[in-house]
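Here is work_36.tsv, consisting of TSV, C-alpha atoms:
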```tsv
chain	number	residue	atom	x	y	z
A	1	MET	CA	124.82	56.38	157.95
A	2	GLY	CA	122.76	59.04	156.12
A	3	ILE	CA	124.39	61.85	154.21
A	4	ASP	CA	125.04	65.12	155.99
A	5	ARG	CA	123.68	68.51	154.97
A	6	ARG	CA	126.87	69.39	153.06
A	7	GLY	CA	126.84	66.15	151.08
A	8	PHE	CA	123.17	66.62	150.17
A	9	MET	CA	123.81	70.15	148.85
A	10	LYS	CA	126.71	68.89	146.71
A	11	ILE	CA	124.72	66.08	145.15
A	12	SER	CA	121.63	68.18	144.45
A	13	GLY	CA	123.73	71.01	142.99
A	14	LEU	CA	125.52	68.66	140.63
A	15	THR	CA	122.22	67.09	139.60
A	16	ILE	CA	120.69	70.44	138.70
A	17	LEU	CA	123.83	71.46	136.83
A	18	GLY	CA	123.77	68.18	134.94
A	19	ILE	CA	120.15	68.58	133.84
A	20	ALA	CA	120.47	72.25	132.88
A	21	GLY	CA	123.85	71.77	131.20
A	22	GLY	CA	122.67	68.75	129.27
A	23	ALA	CA	119.65	70.60	127.94
A	24	SER	CA	121.69	73.59	126.79
A	25	ILE	CA	124.28	71.39	125.07
A	26	ASP	CA	121.44	69.64	123.29
A	27	GLY	CA	120.13	72.95	122.08
A	28	LEU	CA	123.50	74.09	120.84
A	29	ALA	CA	124.61	70.84	119.28
A	30	SER	CA	121.64	70.43	116.94
A	31	PRO	CA	121.53	73.61	114.90
A	32	GLN	CA	118.44	74.05	112.81
A	33	THR	CA	119.63	74.07	109.27
A	34	PRO	CA	117.00	75.70	107.14
A	35	HIS	CA	117.54	73.22	104.37
A	36	ASP	CA	116.47	70.42	106.65
A	37	LYS	CA	113.52	69.01	104.78
A	38	ALA	CA	111.99	67.86	108.03
A	39	GLY	CA	111.83	71.41	109.33
A	40	ARG	CA	110.05	72.65	106.25
A	41	ALA	CA	106.29	72.81	106.51
A	42	GLY	CA	105.45	73.46	102.87
A	43	GLU	CA	105.69	70.96	100.10
A	44	LYS	CA	106.76	73.75	97.75
A	45	ARG	CA	109.84	75.96	97.71
A	46	LEU	CA	109.68	78.63	95.04
A	47	ALA	CA	112.98	79.90	93.72
A	48	MET	CA	114.45	81.86	90.87
A	49	VAL	CA	117.43	81.11	88.68
A	50	VAL	CA	119.28	83.89	86.87
A	51	ASP	CA	121.47	82.88	83.95
A	52	LEU	CA	124.11	85.61	84.02
A	53	LYS	CA	125.50	84.90	80.54
A	54	LYS	CA	122.07	85.01	78.93
A	55	CYS	CA	121.22	88.09	80.93
A	56	HIS	CA	124.31	89.84	79.58
A	57	SER	CA	123.59	88.88	75.98
A	58	GLN	CA	121.43	91.98	75.49
A	59	GLU	CA	123.44	94.97	76.57
A	60	GLY	CA	121.48	97.60	78.46
A	61	CYS	CA	118.29	95.51	78.48
A	62	LYS	CA	115.91	96.46	81.28
A	63	ASP	CA	112.82	94.55	80.17
A	64	CYS	CA	112.39	92.67	83.43
A	65	VAL	CA	112.86	95.76	85.58
A	66	THR	CA	110.42	97.79	83.53
A	67	ALA	CA	107.78	95.03	83.51
A	68	CYS	CA	108.01	94.51	87.27
A	69	HIS	CA	107.95	98.16	88.19
A	70	LEU	CA	105.08	98.85	85.83
A	71	TYR	CA	103.00	95.98	87.17
A	72	HIS	CA	103.61	96.78	90.83
A	73	ASN	CA	103.24	100.56	90.61
A	74	VAL	CA	106.81	101.16	91.72
A	75	PRO	CA	107.46	104.91	91.76
A	76	ASP	CA	110.38	106.56	90.00
A	77	PHE	CA	111.68	109.44	92.09
A	78	ASP	CA	114.60	110.11	89.76
A	79	ASN	CA	116.75	110.46	92.86
A	80	ARG	CA	119.01	107.71	94.27
A	81	LYS	CA	118.29	108.81	97.82
A	82	ASP	CA	114.56	108.04	97.60
A	83	GLU	CA	114.85	105.18	95.12
A	84	ILE	CA	112.35	102.31	95.37
A	85	LYS	CA	113.48	99.08	93.78
A	86	TRP	CA	112.02	95.62	93.52
A	87	ILE	CA	114.39	94.30	90.90
A	88	TRP	CA	117.47	96.16	89.76
A	89	LYS	CA	120.96	95.84	88.32
A	90	ASP	CA	124.29	96.38	89.98
A	91	SER	CA	127.88	95.43	89.26
A	92	PHE	CA	129.21	91.92	89.92
A	93	HIS	CA	131.65	93.58	92.28
A	94	HIS	CA	128.81	94.81	94.47
A	95	ALA	CA	126.62	91.73	94.14
A	96	PHE	CA	129.27	89.06	94.78
A	97	HIS	CA	131.93	90.94	96.65
A	98	SER	CA	133.35	87.97	98.54
A	99	MET	CA	133.55	85.74	95.47
A	100	GLU	CA	135.32	88.19	93.26
A	101	HIS	CA	138.89	87.94	92.12
A	102	GLU	CA	140.95	89.61	89.48
A	103	HIS	CA	140.96	86.75	86.98
A	104	LEU	CA	137.31	85.82	86.93
A	105	GLU	CA	135.86	85.02	83.55
A	106	GLU	CA	134.89	88.26	81.91
A	107	SER	CA	131.57	87.06	80.53
A	108	ILE	CA	130.35	86.81	84.12
A	109	THR	CA	131.79	89.98	85.57
A	110	LYS	CA	131.55	92.44	82.69
A	111	GLY	CA	127.81	93.05	82.70
A	112	PRO	CA	125.55	94.13	85.51
A	113	THR	CA	124.06	91.52	87.84
A	114	LEU	CA	120.31	91.31	88.27
A	115	LEU	CA	119.27	91.65	91.90
A	116	LEU	CA	116.00	91.17	93.74
A	117	CYS	CA	114.69	89.90	97.06
A	118	ASN	CA	116.24	86.49	97.68
A	119	HIS	CA	113.19	85.12	99.46
A	120	CYS	CA	115.53	83.51	101.95
A	121	ASP	CA	114.69	80.23	103.56
A	122	ASN	CA	115.95	81.73	106.81
A	123	PRO	CA	115.00	85.37	106.37
A	124	PRO	CA	116.46	87.83	108.89
A	125	CYS	CA	113.98	90.55	107.90
A	126	THR	CA	110.92	88.66	109.11
A	127	ARG	CA	112.50	87.95	112.49
A	128	VAL	CA	112.86	91.61	113.33
A	129	CYS	CA	109.45	92.81	112.15
A	130	PRO	CA	107.50	93.89	115.25
A	131	THR	CA	104.07	93.73	113.58
A	132	LYS	CA	104.44	90.61	111.42
A	133	ALA	CA	103.95	92.83	108.40
A	134	THR	CA	106.54	90.65	106.71
A	135	TRP	CA	106.69	86.89	107.10
A	136	LYS	CA	107.73	83.77	105.28
A	137	ARG	CA	104.78	81.97	103.75
A	138	GLU	CA	105.29	78.37	104.79
A	139	GLU	CA	103.44	76.79	101.85
A	140	ASP	CA	105.87	78.02	99.22
A	141	GLY	CA	108.61	80.00	100.98
A	142	ILE	CA	107.72	83.45	99.62
A	143	VAL	CA	108.78	86.27	101.95
A	144	MET	CA	105.53	88.21	101.97
A	145	MET	CA	104.66	91.82	102.71
A	146	ASP	CA	101.42	93.06	104.28
A	147	TRP	CA	101.47	96.78	103.59
A	148	HIS	CA	98.38	97.25	105.73
A	149	ARG	CA	100.42	96.32	108.75
A	150	CYS	CA	103.78	97.94	108.07
A	151	ILE	CA	104.43	100.74	110.53
A	152	GLY	CA	107.58	101.93	108.79
A	153	CYS	CA	110.06	101.14	111.57
A	154	ARG	CA	112.59	99.97	108.94
A	155	TYR	CA	114.05	97.20	111.11
A	156	CYS	CA	113.70	94.88	108.12
A	157	VAL	CA	115.58	97.30	105.87
A	158	VAL	CA	118.49	97.12	108.30
A	159	ALA	CA	118.23	93.35	108.76
A	160	CYS	CA	118.26	92.48	105.07
A	161	PRO	CA	121.88	91.87	103.99
A	162	TYR	CA	121.01	92.25	100.31
A	163	GLY	CA	119.53	95.75	100.23
A	164	SER	CA	116.31	94.29	98.86
A	165	ARG	CA	113.99	96.53	100.81
A	166	SER	CA	113.10	100.12	100.04
A	167	PHE	CA	111.38	102.64	102.21
A	168	ASN	CA	108.88	105.19	100.97
A	169	TRP	CA	110.28	108.44	102.30
A	170	ARG	CA	107.84	110.39	100.19
A	171	ASP	CA	104.35	109.86	98.85
A	172	PRO	CA	104.90	107.55	95.88
A	173	ARG	CA	101.62	108.22	94.04
A	174	PRO	CA	102.61	111.35	92.11
A	175	HIS	CA	105.77	109.60	90.95
A	176	ILE	CA	104.11	106.65	89.25
A	177	LYS	CA	103.83	107.37	85.56
A	178	ASP	CA	101.36	104.68	84.51
A	179	VAL	CA	99.29	103.40	87.39
A	180	ASN	CA	98.19	99.78	87.09
A	181	PRO	CA	94.70	99.80	88.67
A	182	ASP	CA	94.91	96.07	89.37
A	183	PHE	CA	97.65	96.54	91.94
A	184	PRO	CA	97.72	98.92	94.91
A	185	THR	CA	100.30	101.62	95.29
A	186	ARG	CA	101.97	102.23	98.65
A	187	THR	CA	101.93	105.23	100.94
A	188	ARG	CA	104.62	107.25	102.59
A	189	GLY	CA	106.16	105.42	105.55
A	190	VAL	CA	105.87	101.88	104.22
A	191	VAL	CA	108.59	99.41	103.25
A	192	GLU	CA	108.29	97.49	100.01
A	193	LYS	CA	110.11	94.80	98.07
A	194	CYS	CA	109.70	92.00	95.54
A	195	THR	CA	107.00	89.46	96.45
A	196	PHE	CA	107.82	86.92	93.72
A	197	CYS	CA	104.59	88.22	92.12
A	198	GLU	CA	102.38	86.35	94.55
A	199	LEU	CA	99.24	87.95	93.05
A	200	ARG	CA	100.19	86.81	89.56
A	201	LEU	CA	101.04	83.34	90.88
A	202	ALA	CA	97.56	83.17	92.46
A	203	LYS	CA	96.13	83.86	89.03
A	204	GLY	CA	98.28	81.13	87.51
A	205	GLN	CA	100.67	83.52	85.79
A	206	LYS	CA	104.45	83.63	85.88
A	207	PRO	CA	106.27	86.46	87.65
A	208	ALA	CA	106.30	89.63	85.54
A	209	CYS	CA	110.10	89.69	85.19
A	210	VAL	CA	110.27	86.06	84.04
A	211	GLU	CA	107.55	86.67	81.49
A	212	ALA	CA	109.22	89.83	80.22
A	213	CYS	CA	112.68	88.32	79.67
A	214	LYS	CA	113.03	87.49	75.99
A	215	GLU	CA	116.42	85.83	76.47
A	216	GLY	CA	115.07	83.22	78.85
A	217	ALA	CA	117.65	84.30	81.41
A	218	LEU	CA	115.16	84.08	84.26
A	219	LEU	CA	113.70	80.79	85.39
A	220	PHE	CA	111.15	80.37	88.11
A	221	GLY	CA	109.71	77.30	89.77
A	222	ASP	CA	109.48	74.87	92.64
A	223	LEU	CA	112.75	73.47	93.99
A	224	GLU	CA	110.94	70.52	95.53
A	225	ASP	CA	109.81	69.37	92.10
A	226	PRO	CA	112.66	67.53	90.35
A	227	GLU	CA	111.03	68.20	86.97
A	228	SER	CA	110.84	71.98	87.41
A	229	ASP	CA	112.81	74.39	85.21
A	230	VAL	CA	114.81	75.64	88.16
A	231	ARG	CA	115.86	72.18	89.31
A	232	LYS	CA	116.87	71.18	85.80
A	233	ALA	CA	118.88	74.37	85.37
A	234	LEU	CA	120.63	73.89	88.70
A	235	ASP	CA	121.36	70.23	87.90
A	236	GLY	CA	123.06	71.14	84.67
A	237	ARG	CA	125.22	74.12	85.62
A	238	PHE	CA	127.28	75.46	88.48
A	239	SER	CA	125.43	78.10	90.43
A	240	ILE	CA	126.21	80.62	93.14
A	241	ARG	CA	124.12	82.55	95.65
A	242	ARG	CA	124.70	85.92	97.27
A	243	LYS	CA	126.40	85.91	100.68
A	244	PRO	CA	125.67	82.26	101.50
A	245	GLU	CA	128.06	82.54	104.45
A	246	LEU	CA	125.42	84.49	106.37
A	247	GLY	CA	123.17	81.44	106.63
A	248	THR	CA	120.13	83.19	105.23
A	249	GLU	CA	119.75	80.49	102.56
A	250	PRO	CA	118.88	82.79	99.67
A	251	GLU	CA	116.61	81.27	97.04
A	252	VAL	CA	117.78	83.24	94.03
A	253	TYR	CA	120.48	81.26	92.22
A	254	TYR	CA	122.94	82.60	89.66
A	255	LEU	CA	124.20	80.32	86.92
A	256	VAL	CA	127.82	81.05	86.04
B	1	MET	CA	68.46	138.23	141.97
B	2	HIS	CA	69.67	141.24	140.06
B	3	ASN	CA	68.84	141.80	136.39
B	4	THR	CA	66.76	138.64	136.06
B	5	GLY	CA	65.14	139.85	132.88
B	6	LYS	CA	68.42	140.72	131.15
B	7	VAL	CA	70.02	137.39	132.10
B	8	ILE	CA	67.10	135.40	130.76
B	9	ILE	CA	67.05	137.36	127.51
B	10	GLY	CA	70.78	136.87	127.18
B	11	LEU	CA	70.41	133.13	127.73
B	12	LEU	CA	67.66	132.92	125.14
B	13	ILE	CA	69.78	134.74	122.57
B	14	PHE	CA	72.65	132.37	123.33
B	15	LEU	CA	70.43	129.32	122.88
B	16	VAL	CA	69.10	130.59	119.57
B	17	ILE	CA	72.63	131.12	118.25
B	18	ALA	CA	73.93	127.82	119.62
B	19	ALA	CA	71.06	125.91	118.06
B	20	PHE	CA	71.55	127.60	114.68
B	21	PRO	CA	72.44	124.41	112.78
B	22	ILE	CA	69.29	122.69	114.07
B	23	TRP	CA	66.69	125.37	113.36
B	24	TYR	CA	68.36	126.32	110.11
B	25	ALA	CA	68.00	122.73	108.88
B	26	VAL	CA	64.41	122.53	110.14
B	27	ALA	CA	63.53	125.81	108.48
B	28	GLY	CA	65.13	124.72	105.24
B	29	GLY	CA	63.34	121.34	105.37
B	30	LYS	CA	66.64	119.51	105.11
B	31	THR	CA	66.45	117.37	108.24
B	32	GLY	CA	65.83	114.06	106.49
B	33	ASP	CA	68.48	114.55	103.83
B	34	LEU	CA	70.48	111.36	103.66
B	35	PRO	CA	73.12	111.02	101.01
B	36	GLU	CA	71.78	109.34	97.92
B	37	LEU	CA	74.08	106.52	96.96
B	38	GLU	CA	74.66	105.17	93.52
B	39	LYS	CA	72.76	101.94	92.87
B	40	ALA	CA	74.67	98.87	91.86
B	41	VAL	CA	74.91	98.52	88.11
B	42	LYS	CA	74.19	94.82	88.17
B	43	GLY	CA	72.27	92.37	90.31
B	44	GLU	CA	69.59	92.73	92.96
B	45	ASN	CA	71.55	91.60	95.99
B	46	CYS	CA	74.83	92.53	97.57
B	47	VAL	CA	77.25	89.76	98.57
B	48	ILE	CA	75.69	89.80	102.04
B	49	ASP	CA	72.36	91.29	103.13
B	50	SER	CA	72.58	94.95	102.17
B	51	VAL	CA	71.40	96.29	105.55
B	52	GLU	CA	74.02	94.19	107.27
B	53	MET	CA	76.57	95.31	104.71
B	54	ARG	CA	75.83	98.92	105.56
B	55	GLU	CA	76.63	98.20	109.19
B	56	ILE	CA	79.61	95.88	108.99
B	57	HIS	CA	81.33	96.50	105.64
B	58	MET	CA	84.36	97.98	107.36
B	59	ALA	CA	84.84	94.87	109.48
B	60	LEU	CA	84.18	92.60	106.52
B	61	LEU	CA	86.76	94.42	104.40
B	62	ASP	CA	89.27	94.18	107.23
B	63	GLU	CA	88.63	90.46	107.46
B	64	TRP	CA	88.95	90.03	103.71
B	65	ARG	CA	92.22	91.89	103.51
B	66	ASP	CA	93.78	89.69	106.20
B	67	GLU	CA	92.50	86.53	104.58
B	68	VAL	CA	93.69	87.53	101.12
B	69	VAL	CA	97.09	88.89	102.04
B	70	ARG	CA	98.00	86.65	104.93
B	71	GLU	CA	96.21	83.39	104.18
B	72	ASP	CA	96.04	83.47	100.39
B	73	ASP	CA	92.30	82.87	100.71
B	74	ARG	CA	90.89	84.98	97.89
B	75	TRP	CA	87.33	83.78	97.34
B	76	TYR	CA	84.15	84.50	99.25
B	77	LYS	CA	81.14	82.22	99.18
B	78	SER	CA	78.16	84.54	99.04
B	79	MET	CA	74.91	83.18	100.45
B	80	THR	CA	72.77	85.94	98.97
B	81	LEU	CA	74.19	85.49	95.48
B	82	ASP	CA	74.64	81.75	95.75
B	83	SER	CA	78.00	82.09	94.06
B	84	THR	CA	81.65	82.74	94.80
B	85	ILE	CA	83.13	86.18	94.41
B	86	GLU	CA	86.66	87.53	94.64
B	87	LYS	CA	87.48	89.26	97.93
B	88	SER	CA	88.47	92.48	96.26
B	89	LEU	CA	87.60	96.08	96.94
B	90	THR	CA	88.47	97.32	93.49
B	91	ARG	CA	87.23	94.36	91.48
B	92	SER	CA	84.19	93.12	93.42
B	93	CYS	CA	82.83	96.15	95.32
B	94	LEU	CA	83.60	98.62	92.56
B	95	GLY	CA	82.60	96.01	89.99
B	96	CYS	CA	78.95	96.69	90.86
B	97	HIS	CA	79.14	100.10	92.50
B	98	THR	CA	81.23	101.55	89.75
B	99	SER	CA	81.68	105.03	91.07
B	100	LYS	CA	83.78	105.47	94.17
B	101	ALA	CA	82.82	109.15	94.28
B	102	ASP	CA	79.06	108.50	94.16
B	103	PHE	CA	79.08	105.46	96.40
B	104	CYS	CA	81.90	105.32	98.95
B	105	ASP	CA	82.74	108.99	99.19
B	106	ARG	CA	79.21	110.33	99.32
B	107	CYS	CA	78.36	108.48	102.53
B	108	HIS	CA	81.81	108.81	104.07
B	109	ASN	CA	81.76	112.56	103.48
B	110	TYR	CA	78.28	112.85	104.99
B	111	LEU	CA	79.47	111.05	108.11
B	112	ALA	CA	82.84	112.81	108.10
B	113	VAL	CA	84.85	109.63	108.17
B	114	SER	CA	87.97	109.23	106.08
B	115	PRO	CA	89.04	105.61	105.66
B	116	TYR	CA	92.50	105.23	104.18
B	117	CYS	CA	91.68	102.44	101.70
B	118	TRP	CA	92.29	104.71	98.74
B	119	ASP	CA	95.66	105.93	99.93
B	120	CYS	CA	96.96	102.76	98.33
B	121	HIS	CA	94.14	101.04	96.47
B	122	VAL	CA	93.48	102.51	93.08
B	123	ASP	CA	90.10	103.73	91.89
B	124	PRO	CA	90.08	102.27	88.37
B	125	LYS	CA	88.17	105.32	87.11
B	126	GLU	CA	90.87	107.67	88.27
B	127	PHE	CA	93.57	105.93	86.26
B	128	LYS	CA	92.43	104.47	82.99
```

Using structure tokens, write down the structure from this file.
Amino acid sequence: MGIDRRGFMKISGLTILGIAGGASIDGLASPQTPHDKAGRAGEKRLAMVVDLKKCHSQEGCKDCVTACHLYHNVPDFDNRKDEIKWIWKDSFHHAFHSMEHEHLEESITKGPTLLLCNHCDNPPCTRVCPTKATWKREEDGIVMMDWHRCIGCRYCVVACPYGSRSFNWRDPRPHIKDVNPDFPTRTRGVVEKCTFCELRLAKGQKPACVEACKEGALLFGDLEDPESDVRKALDGRFSIRRKPELGTEPEVYYLV
Amino acid sequence: MHNTGKVIIGLLIFLVIAAFPIWYAVAGGKTGDLPELEKAVKGENCVIDSVEMREIHMALLDEWRDEVVREDDRWYKSMTLDSTIEKSLTRSCLGCHTSKADFCDRCHNYLAVSPYCWDCHVDPKEFK
């Protein structure tokens, strides 16, 4: 006896459900962890290590900030509302809010914490950019900016959980004291941020901030190379990252 | 037709006024005045054939900027120079044509085009 119409519908329905359901479970059950080596196209992963204790050893030092902002023609509007920042200092309380407690060692919490773009392995800013003006460079993991393409929608500013992106509300040119002719300025209506000094790296130089730091508090290198400064530093000391719970996989590490 | 003579005279006067820029230039002998551009300070050849460069430099610069920024591909193999040059507006172009005002601007002003390169890129002469 063949199956009746009703039986056929039941079997085919269940089959379709099985196939569709199976596929969706597959998709959900194997989350793409950004630190999966297999998922990483580049053989390099550039990262920075900030030694907080060394950084605090010179009170009020702003060498790295000055060097970076001078090199990249970052304007100084003298007004928090319009501020453009590539690398800056803020309190430990603001930088590591979720890790803070009353009895933390004072040498870590007393001084300001150095902040910059984390060049995340899983950057939320690049996902929201409608023009691909910002993207993660697969060869070395740098979160790049193409100012030619930025249309100033500021989605990335909202998406970044670290406040690493600044928007030019006003024409920056008149507010740059010493213009470095080797680097472009930006215009009004463009977002900017740290690029790990990709132009200097292309010339074989170190990032401006790393070069400027006399205390050796900033280390820069390739995480995939076990002999690199950053890997050695991370091997030897305990390190933390900002807001790791968000899954952005930040690549700026803080030695504590 | 009424007032044929007056209408024709009126039309002629209108044409003379409307064509003012043309006959003024002809009378002044200025019709062939093309902007005189600054010669390159070094070398005989541009990085591509100079006639072609005149026609396509905007497209070439667009291509270069994408390759440099997005593909980290910073060097251009020049057939005319038989060497490799940096894809850079401020270092390569202005390296030979040292004056933005006498080279870029003179022609752009003549043609009334205003490219926005210099909104961001820095003329090294302007900021020393």

**Study point:** 10 Å contacts from chain B to chain A using only C-alpha atoms, as a PyMOL selection string
**Key:** chain B and resi 62+65-66+68-74+90-91+116-128

Point to revise | Residues near B:Asp105, cut-off 12 Å, only C-alpha atoms, skip fewer than 4 positions along chain, as a ChimeraX atom specification | key: /B:35-38,97,99-101,109-118,123

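Nearest residue to B:Asp82, choosing from B:Val47, B:Ala19, B:Leu94, B:Met53 and counting all atoms listed in the file: B:Val47.
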
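Between A:Lys232 and the candidates A:Phe220, A:Ser164, A:Glu43, A:Thr109, the tightest atom-to-atom separation, counting all atoms listed in the file, involves A:Phe220.
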
Exercise for review: May I have the protein, DNA and RNA residues with an atom at most 7 Å from (115.2, 90.8, 104.9), counting all atoms listed in the file in the file's coordinates, returned as a VMD selection string?
Suggested key: chain A and resid 123 to 126 156 to 157 159 to 161

Review point. Atom CA of A:Glu105 to atom CA of A:His119: how many Å, to one decimal?
Key: 27.7 Å

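Between atom CA of A:Lys89 and atom CA of A:Pro207 the separation is 17.4 Å.
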
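Our summary of the geometry notes that atom CA of B:Trp75 is positioned 19.6 Å from atom CA of B:Glu52.
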
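Neighbours of A:Leu104 closer than or equal to 12 Å, with all atoms listed in the file counted and sequence neighbours fewer than 4 positions away skipped, come out as Phe92, His93, Phe96, Met99, Glu100, Ile108, Thr109, Lys110 and Val256 of chain A.
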
Any chance you could export the current selection's C-alpha atoms as a PDB file, keeping the file's coordinate frame?
```
ATOM      1  CA  PHE A  92     129.210  91.920  89.920  1.00  0.00           C
ATOM      2  CA  HIS A  93     131.650  93.580  92.280  1.00  0.00           C
ATOM      3  CA  PHE A  96     129.270  89.060  94.780  1.00  0.00           C
ATOM      4  CA  MET A  99     133.550  85.740  95.470  1.00  0.00           C
ATOM      5  CA  GLU A 100     135.320  88.190  93.260  1.00  0.00           C
ATOM      6  CA  ILE A 108     130.350  86.810  84.120  1.00  0.00           C
ATOM      7  CA  THR A 109     131.790  89.980  85.570  1.00  0.00           C
ATOM      8  CA  LYS A 110     131.550  92.440  82.690  1.00  0.00           C
ATOM      9  CA  VAL A 256     127.820  81.050  86.040  1.00  0.00           C
TER      10      VAL A 256
END
```

**Study point:** Nearby residues (all atoms listed in the file) at most 12 Å from A:Asn79, same-chain spacing under 6 positions excluded, as JSON, numbers by chain
**Key:** {"A": [85, 169, 170, 175]}
